[in-house]
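Source file: query-v9.pdb; contents: PDB, C-alpha atoms.
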MODEL        1
ATOM      1  CA  MET A  20      19.839  20.877 -33.329
ATOM      2  CA  GLN A  21      20.526  17.374 -32.034
ATOM      3  CA  SER A  22      19.673  18.364 -28.436
ATOM      4  CA  ALA A  23      16.252  19.745 -29.501
ATOM      5  CA  PHE A  24      15.371  16.282 -30.827
ATOM      6  CA  TYR A  25      16.366  14.622 -27.539
ATOM      7  CA  VAL A  26      14.511  17.218 -25.451
ATOM      8  CA  THR A  27      11.361  16.556 -27.490
ATOM      9  CA  LEU A  28      11.875  12.796 -27.251
ATOM     10  CA  SER A  29      12.345  12.958 -23.464
ATOM     11  CA  SER A  30       9.121  14.940 -23.194
ATOM     12  CA  GLN A  31       7.218  12.360 -25.250
ATOM     13  CA  VAL A  32       8.536   9.497 -23.110
ATOM     14  CA  ALA A  33       7.455  11.337 -19.940
ATOM     15  CA  LEU A  34       4.000  12.047 -21.397
ATOM     16  CA  ASP A  35       3.641   8.386 -22.386
ATOM     17  CA  LYS A  36       4.404   7.379 -18.783
ATOM     18  CA  ARG A  37       1.780   9.866 -17.531
ATOM     19  CA  LEU A  38      -0.846   8.572 -19.971
ATOM     20  CA  THR A  39      -0.113   4.951 -19.019
ATOM     21  CA  THR A  40      -0.520   5.808 -15.326
ATOM     22  CA  ILE A  41      -3.839   7.574 -15.962
ATOM     23  CA  ALA A  42      -5.105   4.635 -18.049
ATOM     24  CA  GLU A  43      -4.220   2.153 -15.279
ATOM     25  CA  ASN A  44      -6.011   4.297 -12.682
ATOM     26  CA  VAL A  45      -9.144   4.544 -14.829
ATOM     27  CA  ALA A  46      -9.121   0.790 -15.504
ATOM     28  CA  LYS A  47      -8.867  -0.024 -11.786
ATOM     29  CA  ALA A  48     -11.194   2.728 -10.520
ATOM     30  CA  GLY A  49     -13.964   0.227  -9.721
ATOM     31  CA  THR A  50     -11.707  -2.035  -7.648
ATOM     32  CA  VAL A  51     -12.660  -1.932  -3.965
ATOM     33  CA  GLY A  52      -9.900  -0.377  -1.874
ATOM     34  CA  TYR A  53      -7.773   0.585  -4.888
ATOM     35  CA  ARG A  54      -5.390   3.479  -4.415
ATOM     36  CA  ALA A  55      -4.371   5.390  -7.502
ATOM     37  CA  THR A  56      -0.757   5.578  -8.575
ATOM     38  CA  GLY A  57       0.979   8.700  -9.781
ATOM     39  CA  VAL A  58       4.327   9.612 -11.207
ATOM     40  CA  ASN A  59       6.682  12.464 -10.382
ATOM     41  CA  PHE A  60       8.479  14.220 -13.178
ATOM     42  CA  ASP A  61      11.984  15.566 -12.874
ATOM     43  CA  THR A  62      14.278  17.676 -15.001
ATOM     44  CA  VAL A  63      17.753  16.456 -15.817
ATOM     45  CA  LEU A  64      20.426  18.882 -16.981
ATOM     46  CA  SER A  65      22.847  17.672 -19.598
ATOM     47  CA  LYS A  66      26.493  17.678 -18.538
ATOM     48  CA  ALA A  67      27.782  16.386 -21.869
ATOM     49  CA  SER A  68      26.870  19.446 -23.882
ATOM     50  CA  PRO A  69      28.585  22.836 -23.645
ATOM     51  CA  THR A  70      25.125  24.454 -23.506
ATOM     52  CA  ARG A  71      22.732  23.793 -20.646
ATOM     53  CA  THR A  72      20.004  21.502 -21.932
ATOM     54  CA  ALA A  73      17.119  20.282 -19.747
ATOM     55  CA  TYR A  74      15.484  16.918 -20.371
ATOM     56  CA  ALA A  75      12.225  15.644 -18.887
ATOM     57  CA  THR A  76      12.342  12.339 -17.058
ATOM     58  CA  ALA A  77       9.739  10.281 -15.282
ATOM     59  CA  GLY A  78      10.595   9.948 -11.618
ATOM     60  CA  PRO A  79       9.491   7.129  -9.350
ATOM     61  CA  ASP A  80       5.858   6.027  -9.156
ATOM     62  CA  PHE A  81       3.973   6.602  -5.918
ATOM     63  CA  ILE A  82       0.714   5.457  -4.340
ATOM     64  CA  SER A  83      -1.821   8.202  -3.742
ATOM     65  CA  ARG A  84      -2.658   8.891  -0.103
ATOM     66  CA  GLY A  85      -6.150  10.147  -1.010
ATOM     67  CA  SER A  86      -9.220   8.114  -0.109
ATOM     68  CA  GLY A  87     -12.064   7.395  -2.483
ATOM     69  CA  GLY A  88     -15.742   7.663  -1.775
ATOM     70  CA  LEU A  89     -17.487   5.460   0.765
ATOM     71  CA  VAL A  90     -20.445   3.282  -0.178
ATOM     72  CA  LYS A  91     -22.955   2.220   2.483
ATOM     73  CA  THR A  92     -23.798  -1.465   2.525
ATOM     74  CA  ASP A  93     -26.253  -3.451   4.613
ATOM     75  CA  ASN A  94     -23.583  -5.869   5.833
ATOM     76  CA  PRO A  95     -22.773  -5.099   9.500
ATOM     77  CA  LEU A  96     -19.264  -6.521   9.025
ATOM     78  CA  ASP A  97     -18.342  -4.176   6.174
ATOM     79  CA  VAL A  98     -15.967  -1.473   7.344
ATOM     80  CA  ALA A  99     -14.113   1.335   5.592
ATOM     81  CA  VAL A 100     -10.680   2.747   6.156
ATOM     82  CA  VAL A 101     -10.364   6.499   6.437
ATOM     83  CA  GLY A 102      -6.844   7.865   6.290
ATOM     84  CA  ASP A 103      -3.595   5.999   5.871
ATOM     85  CA  ALA A 104      -4.454   2.548   7.251
ATOM     86  CA  TRP A 105      -4.729  -1.025   5.987
ATOM     87  CA  PHE A 106      -6.352  -4.294   7.050
ATOM     88  CA  ALA A 107      -3.999  -7.213   7.669
ATOM     89  CA  ILE A 108      -5.088 -10.586   6.294
ATOM     90  CA  GLN A 109      -3.485 -14.022   6.402
ATOM     91  CA  THR A 110      -2.862 -15.505   2.961
ATOM     92  CA  PRO A 111      -1.036 -18.710   1.990
ATOM     93  CA  GLN A 112       1.943 -16.496   1.077
ATOM     94  CA  GLY A 113       1.933 -14.762   4.486
ATOM     95  CA  VAL A 114       0.459 -11.570   5.889
ATOM     96  CA  ALA A 115      -0.893  -9.202   3.236
ATOM     97  CA  TYR A 116      -2.458  -5.772   3.518
ATOM     98  CA  THR A 117      -5.657  -4.554   1.881
ATOM     99  CA  ARG A 118      -8.100  -1.677   2.043
ATOM    100  CA  ASP A 119     -11.030  -3.911   1.023
ATOM    101  CA  GLY A 120     -13.248  -3.972   4.120
ATOM    102  CA  ARG A 121     -15.934  -6.335   2.838
ATOM    103  CA  PHE A 122     -15.893  -9.007   5.540
ATOM    104  CA  GLN A 123     -17.997 -12.007   6.490
ATOM    105  CA  MET A 124     -18.146 -14.232   9.549
ATOM    106  CA  ALA A 125     -17.655 -17.981   9.402
ATOM    107  CA  GLU A 126     -19.835 -20.292  11.538
ATOM    108  CA  THR A 127     -16.896 -20.525  13.955
ATOM    109  CA  GLY A 128     -16.878 -16.728  14.418
ATOM    110  CA  ASP A 129     -13.735 -16.123  12.370
ATOM    111  CA  VAL A 130     -13.878 -12.835  10.455
ATOM    112  CA  ARG A 131     -12.819 -13.446   6.846
ATOM    113  CA  THR A 132     -12.469 -11.591   3.573
ATOM    114  CA  LEU A 133     -14.772 -12.424   0.670
ATOM    115  CA  LEU A 134     -11.996 -14.725  -0.594
ATOM    116  CA  GLY A 135     -11.922 -16.560   2.745
ATOM    117  CA  PHE A 136      -8.685 -15.153   4.186
ATOM    118  CA  PRO A 137      -8.667 -14.548   7.964
ATOM    119  CA  VAL A 138      -8.645 -10.891   9.039
ATOM    120  CA  LEU A 139      -5.914 -10.181  11.602
ATOM    121  CA  ASP A 140      -5.808  -7.859  14.607
ATOM    122  CA  ALA A 141      -2.925  -5.516  15.494
ATOM    123  CA  GLY A 142      -0.949  -8.449  16.923
ATOM    124  CA  ASN A 143      -1.459 -10.545  13.747
ATOM    125  CA  ALA A 144      -3.879 -12.912  15.475
ATOM    126  CA  PRO A 145      -7.120 -13.863  13.676
ATOM    127  CA  ILE A 146     -10.158 -11.823  14.703
ATOM    128  CA  VAL A 147     -12.855 -14.099  16.165
ATOM    129  CA  LEU A 148     -16.335 -12.909  17.138
ATOM    130  CA  ASP A 149     -19.025 -14.685  19.148
ATOM    131  CA  PRO A 150     -21.238 -16.251  16.459
ATOM    132  CA  THR A 151     -24.118 -16.711  18.936
ATOM    133  CA  ALA A 152     -24.291 -13.034  19.985
ATOM    134  CA  ALA A 153     -27.452 -11.223  18.982
ATOM    135  CA  ARG A 154     -27.146  -8.624  16.261
ATOM    136  CA  ARG A 155     -28.311  -5.158  17.179
TER     137      ARG A 155
ENDMDL
END
Would you put the structure from the file into structure tokens?
Amino acid sequence: MQSAFYVTLSSQVALDKRLTTIAENVAKAGTVGYRATGVNFDTVLSKASPTRTAYATAGPDFISRGSGGLVKTDNPLDVAVVGDAWFAIQTPQGVAYTRDGRFQMAETGDVRTLLGFPVLDAGNAPIVLDPTAARR
């Protein structure tokens, strides 16, 4: 009888983890570039009991590889990532990675995020465009 209580309790803990993950994904759904998180569930067999008893356990969290919908903007510097890629940006704490492709150009030609962080190329050098070039 005792193991039935623990099996039920393990199931409730796993379901709570699933509900928390879903709530976080819904709350952050409007964040540009956000990737949903998920959780894997595993089964653990009891070795302490003479009868085989399976318990549910939440496995490690993971980041979804799926892409969300694309929204067309009128900013020629806005770009979107399709597939498993990230933009590198320079922050005061070092290089960071984002999927937010809303960019702007400074008067000097530096491509920056909306928060003003420089966007980096594949070699981690700032991307600089010609600010005097005509837009097409």
### Selection result for the PyMOL selection byres ((chain A and resi 124) around 12) on this file, as a list in words
Asn94, Pro95, Leu96, Asp97, Arg121, Phe122, Gln123, Ala125, Glu126, Thr127, Gly128, Asp129, Val130, Arg131, Thr132, Leu133, Leu134, Gly135, Phe136, Pro137, Val138, Pro145, Ile146, Val147, Leu148, Asp149, Pro150 and Thr151 of chain A
### Query
Just so the selection is clear, what residues does the PyMOL selection byres ((chain A and resi 61) around 12) cover here, as a list in words?
Ser29, Ser30, Ala33, Val58, Asn59, Phe60, Thr62, Val63, Leu64, Ala73, Tyr74, Ala75, Thr76, Ala77, Gly78, Pro79 and Asp80 of chain A
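Once segment 46-49 of chain A and its same-chain neighbours fewer than 5 positions away are set aside, Thr39, Thr40, Ile41, Arg54, Ala55, Thr56, Ser86, Gly87, Gly88, Val90 and Asp119 of chain A remain within 12 Å of it when counting all atoms listed in the file.
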Prev. selection, C-alpha atoms, output as a PDB file, in the coordinates of the input:
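Result file is result24.pdb:
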ATOM      1  CA  THR A  39      -0.113   4.951 -19.019  1.00  0.00           C
ATOM      2  CA  THR A  40      -0.520   5.808 -15.326  1.00  0.00           C
ATOM      3  CA  ILE A  41      -3.839   7.574 -15.962  1.00  0.00           C
ATOM      4  CA  ARG A  54      -5.390   3.479  -4.415  1.00  0.00           C
ATOM      5  CA  ALA A  55      -4.371   5.390  -7.502  1.00  0.00           C
ATOM      6  CA  THR A  56      -0.757   5.578  -8.575  1.00  0.00           C
ATOM      7  CA  SER A  86      -9.220   8.114  -0.109  1.00  0.00           C
ATOM      8  CA  GLY A  87     -12.064   7.395  -2.483  1.00  0.00           C
ATOM      9  CA  GLY A  88     -15.742   7.663  -1.775  1.00  0.00           C
ATOM     10  CA  VAL A  90     -20.445   3.282  -0.178  1.00  0.00           C
ATOM     11  CA  ASP A 119     -11.030  -3.911   1.023  1.00  0.00           C
TER      12      ASP A 119
END
### Matched chain/residue IDs from the PyMOL selection byres ((chain A and resi 99) around 6), as a ChimeraX atom specification
/A:98,100,120
Each side padded by 5 Å, which centre and which edge lengths in Å (one decimal) define the axis-aligned box around the listed atoms of segment 110-128 of chain A? Give them as AutoDock Vina command-line options.
--center_x -8.9 --center_y -11.1 --center_z 7.7 --size_x 31.8 --size_y 28.8 --size_z 23.4
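Ranking A:Leu34, A:Ala152, A:Val45, A:Leu139 by their shortest atom-to-atom distance to Thr117 of chain A, with all atoms listed in the file included, puts A:Leu139 first.
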### Task
Using only C-alpha atoms, determine which residues lie at most 8 Å from Ala107 of chain A, disregarding the query and same-chain residues fewer than 2 positions distant; provide the list as a PyMOL selection string.
chain A and resi 105+109+114-117+138-140+143
#### Entry: Gap from atom CA of Ile108 of chain A to atom CA of Ala42 of chain A - Å, one decimal
28.7 Å
### Message
Could you tell me how far atom CA of Thr50 of chain A sits from atom CA of Asp93 of chain A, in Å to one decimal place?
### Response
19.1 Å
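Separating atom CA of Val32 of chain A from atom CA of Asn44 of chain A is a distance of 18.6 Å.
Each of A:Ala23, A:Gly52, A:Phe81, A:Ala144 was compared to Ala104 of chain A using only C-alpha atoms, and A:Gly52 turns out to be the nearest.
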